[in-house]
Amino acid sequence: MRFTKMQGCGNDYIYINCFEERVENPEKLAIAMSERHFGVGSDGLVLIMPSEAADFRMRMFNLDGSEGKMCGNASRCVGKYVYERGLTEKTTVALETLGGIKILQLHVKDGIVESVTVDMGEPVLEAAEIPVLSDKHPVIGETVEILDRKFDFTCVSMGNPHAVTFVENVMEYPIEKYGRVSEFHPIFPDRVNTEFVEIVDDSHVKMRVWERGSGETWACGTGASATAVACVLNGKTDRKVDVELIGGTLTIEWNAEDNHVYMTGPAEFSFDGEWLREV
């Protein structure tokens with residue numbers, strides 16, 4: 001089975017063209033291929049598929065085999081893949097995900113997709129829809145005790161649930177210790193992605209993320225989007241902000257006119273390969 005390794009700001013996934021390949025058990029395949037010693041090594045598996053509702057359909061699976069509703073970095077990579085591999089000539093692409101249909105604007109120069117802007121849609125702020133067990137509307141400053149500390153979370157769904165908290169010196173922060181526990185905290189019925197954010201100024205923040213099902217990753221597009229929304233809700237930044245991640249920087253704008261969040265960032269090919277193991 002042929003596959004392609006791609007990354008967006010260091011958030012690396014294995015991509016399979018399901019117009020040509022057939023995947024019988026994507027959950028087991030994601031676990032096998034994502035393993036970095038016996039497999040290919042990645043944050044998960046992405047299937048590029050036909051769609052009856054959009055130009056293409058994306059299914060993404062975390063490295064533990066669980067299926068995610070949406071991945072911003074993966075959606076940008078899908079945009080680059082379908083254009084540069086000749087599956088479409090469109091530079092505006094509709095992508096079906098479990099988090100809804102997302103519109104990708106491909107920024108092309110000399111036949112190469114240099115960056116992609118994704119319309120991430122409107123942020124979901126109602127507790128029951130995120131979901132998070134809270135009486136607050138929106139969920140700003142929800143105090144949650146994790147191990148030996150109390151965290152004030154702002155909760156947002158961008159197709160999947162996020163809990164954003166503000167810290168000092170995020171690069172030195174023990175996010176594995178607290179992120180691992182917060183993912184499974186009972187206040188989050190479907191588990192949660194946790195963003196630890198340091199404010200640099202009103203147009204620049206630094207973020208690290210603990211993703212449910214994958215652990216710490218070098219970037220998270222939905223997490224960066226949720227972070228920008230949380231920053232605005234807490235009066236910490238402008239509506240357009242550069243979110244600096246371990247793997248690179250994403251520009252996020254929460255547009256005041258249409259209430260949509262727009263994410264712009266890179267997508268890159270790493271290599272192509274052939275998977276020989278049976279799963």
# chains A, B, ... in the order shown; residues from 1 in each chain; ligands from 1
$ residues_around --residues "Tyr13 (chain A)" --least-positions-apart "4" --cutoff "8 Å" --atoms "only C-alpha atoms" --output "PyMOL selection string"
chain A and resi 5-7+42-46+74
$ residues_around --residues "region 63-69 of chain A" --least-positions-apart "5" --cutoff "8 Å" --atoms "only C-alpha atoms" --output "list in words"
Pro26, Glu27, Lys28, Leu29, Ala30, Ile31, Ser34, Glu35, Ser42, Asp43, Gly44, Leu45, Thr97, Leu98, Gly99, Gly159, Asn160, Gly213 and Ser214 of chain A
$ closest_residue --among "A:Gly72, A:Gly8, A:Gly141, A:Pro123" --to "Asn234 (chain A)" --atoms "only C-alpha atoms"
A:Gly141
$ residues_around --residues "Pro266 (chain A)" --least-positions-apart "4" --cutoff "8 Å" --atoms "only C-alpha atoms" --output "list in words"
Gly8, Cys9, Arg76, Glu114, Ser115 and Val116 of chain A
$ residues_around --residues "region 52-57 of chain A" --least-positions-apart "5" --cutoff "8 Å" --atoms "only C-alpha atoms" --output "number ranges by chain"
A: 93-97, 101
$ select_by_dssp --residues "region 155-202 of chain A" --states "strand (DSSP E or B)" --output "PyMOL selection string"
chain A and resi 155-157+161-166+193-201
$ closest_residue --among "A:Asn193, A:Asn255, A:Thr249, A:Ser157" --to "Val232 (chain A)" --atoms "only C-alpha atoms"
A:Asn255
$ residues_around --residues "Val229 (chain A)" --least-positions-apart "5" --cutoff "9 Å" --atoms "only C-alpha atoms" --output "MDAnalysis selection string"
chainID A and resid 123 156 224 234 239 253:254 261
$ closest_residue --among "A:Val167, A:Glu122, A:Phe269, A:Trp275" --to "Arg85 (chain A)" --atoms "only C-alpha atoms"
A:Phe269
$ closest_residue --among "A:Ile252, A:Pro189, A:Lys236, A:Val164" --to "Thr143 (chain A)" --atoms "only C-alpha atoms"
A:Val164
$ decode --residues "region 115-139 of chain A" --atoms "N, CA and C atoms" --output "tab-separated table (two decimals), in the first residue's frame"
chain	number	residue	atom	x	y	z
A	115	SER	N	1.10	27.87	1.00
A	115	SER	CA	0.39	27.88	2.28
A	115	SER	C	-1.08	27.68	2.01
A	116	VAL	N	-1.83	27.43	3.07
A	116	VAL	CA	-3.27	27.18	2.94
A	116	VAL	C	-3.99	27.93	4.06
A	117	THR	N	-5.09	28.59	3.69
A	117	THR	CA	-5.98	29.20	4.69
A	117	THR	C	-7.22	28.32	4.81
A	118	VAL	N	-7.52	27.93	6.03
A	118	VAL	CA	-8.66	27.07	6.30
A	118	VAL	C	-9.72	27.88	7.04
A	119	ASP	N	-10.94	27.87	6.50
A	119	ASP	CA	-12.07	28.43	7.23
A	119	ASP	C	-12.50	27.38	8.24
A	120	MET	N	-12.15	27.60	9.50
A	120	MET	CA	-12.39	26.63	10.55
A	120	MET	C	-13.83	26.68	11.07
A	121	GLY	N	-14.60	27.66	10.57
A	121	GLY	CA	-15.98	27.79	11.01
A	121	GLY	C	-16.11	28.60	12.28
A	122	GLU	N	-17.30	28.60	12.85
A	122	GLU	CA	-17.55	29.36	14.06
A	122	GLU	C	-17.15	28.55	15.29
A	123	PRO	N	-16.53	29.19	16.27
A	123	PRO	CA	-16.20	28.47	17.50
A	123	PRO	C	-17.47	28.10	18.26
A	124	VAL	N	-17.47	26.93	18.85
A	124	VAL	CA	-18.59	26.48	19.68
A	124	VAL	C	-18.26	26.80	21.13
A	125	LEU	N	-19.11	27.58	21.79
A	125	LEU	CA	-18.83	28.06	23.14
A	125	LEU	C	-19.82	27.54	24.17
A	126	GLU	N	-20.88	26.84	23.73
A	126	GLU	CA	-21.85	26.29	24.66
A	126	GLU	C	-21.29	25.03	25.31
A	127	ALA	N	-21.38	24.96	26.64
A	127	ALA	CA	-20.76	23.87	27.40
A	127	ALA	C	-21.19	22.49	26.90
A	128	ALA	N	-22.49	22.30	26.70
A	128	ALA	CA	-22.99	20.98	26.33
A	128	ALA	C	-22.52	20.55	24.95
A	129	GLU	N	-22.22	21.52	24.09
A	129	GLU	CA	-21.82	21.19	22.73
A	129	GLU	C	-20.32	21.02	22.59
A	130	ILE	N	-19.53	21.43	23.59
A	130	ILE	CA	-18.06	21.33	23.46
A	130	ILE	C	-17.59	19.88	23.49
A	131	PRO	N	-17.90	18.98	24.41
A	131	PRO	CA	-18.66	19.18	25.64
A	131	PRO	C	-17.76	19.33	26.87
A	132	VAL	N	-18.29	20.08	27.86
A	132	VAL	CA	-17.64	20.21	29.16
A	132	VAL	C	-18.76	20.36	30.19
A	133	LEU	N	-18.57	19.78	31.35
A	133	LEU	CA	-19.58	19.87	32.41
A	133	LEU	C	-19.37	21.18	33.16
A	134	SER	N	-20.16	22.19	32.80
A	134	SER	CA	-20.03	23.52	33.38
A	134	SER	C	-21.35	24.25	33.27
A	135	ASP	N	-21.60	25.14	34.23
A	135	ASP	CA	-22.78	25.99	34.20
A	135	ASP	C	-22.49	27.35	33.57
A	136	LYS	N	-21.24	27.57	33.16
A	136	LYS	CA	-20.86	28.87	32.62
A	136	LYS	C	-21.19	28.96	31.13
A	137	HIS	N	-21.58	30.14	30.68
A	137	HIS	CA	-21.90	30.38	29.27
A	137	HIS	C	-21.37	31.76	28.87
A	138	PRO	N	-20.28	31.85	28.10
A	138	PRO	CA	-19.41	30.75	27.70
A	138	PRO	C	-18.55	30.27	28.87
A	139	VAL	N	-17.80	29.20	28.61
A	139	VAL	CA	-17.01	28.58	29.68
A	139	VAL	C	-15.66	29.29	29.76
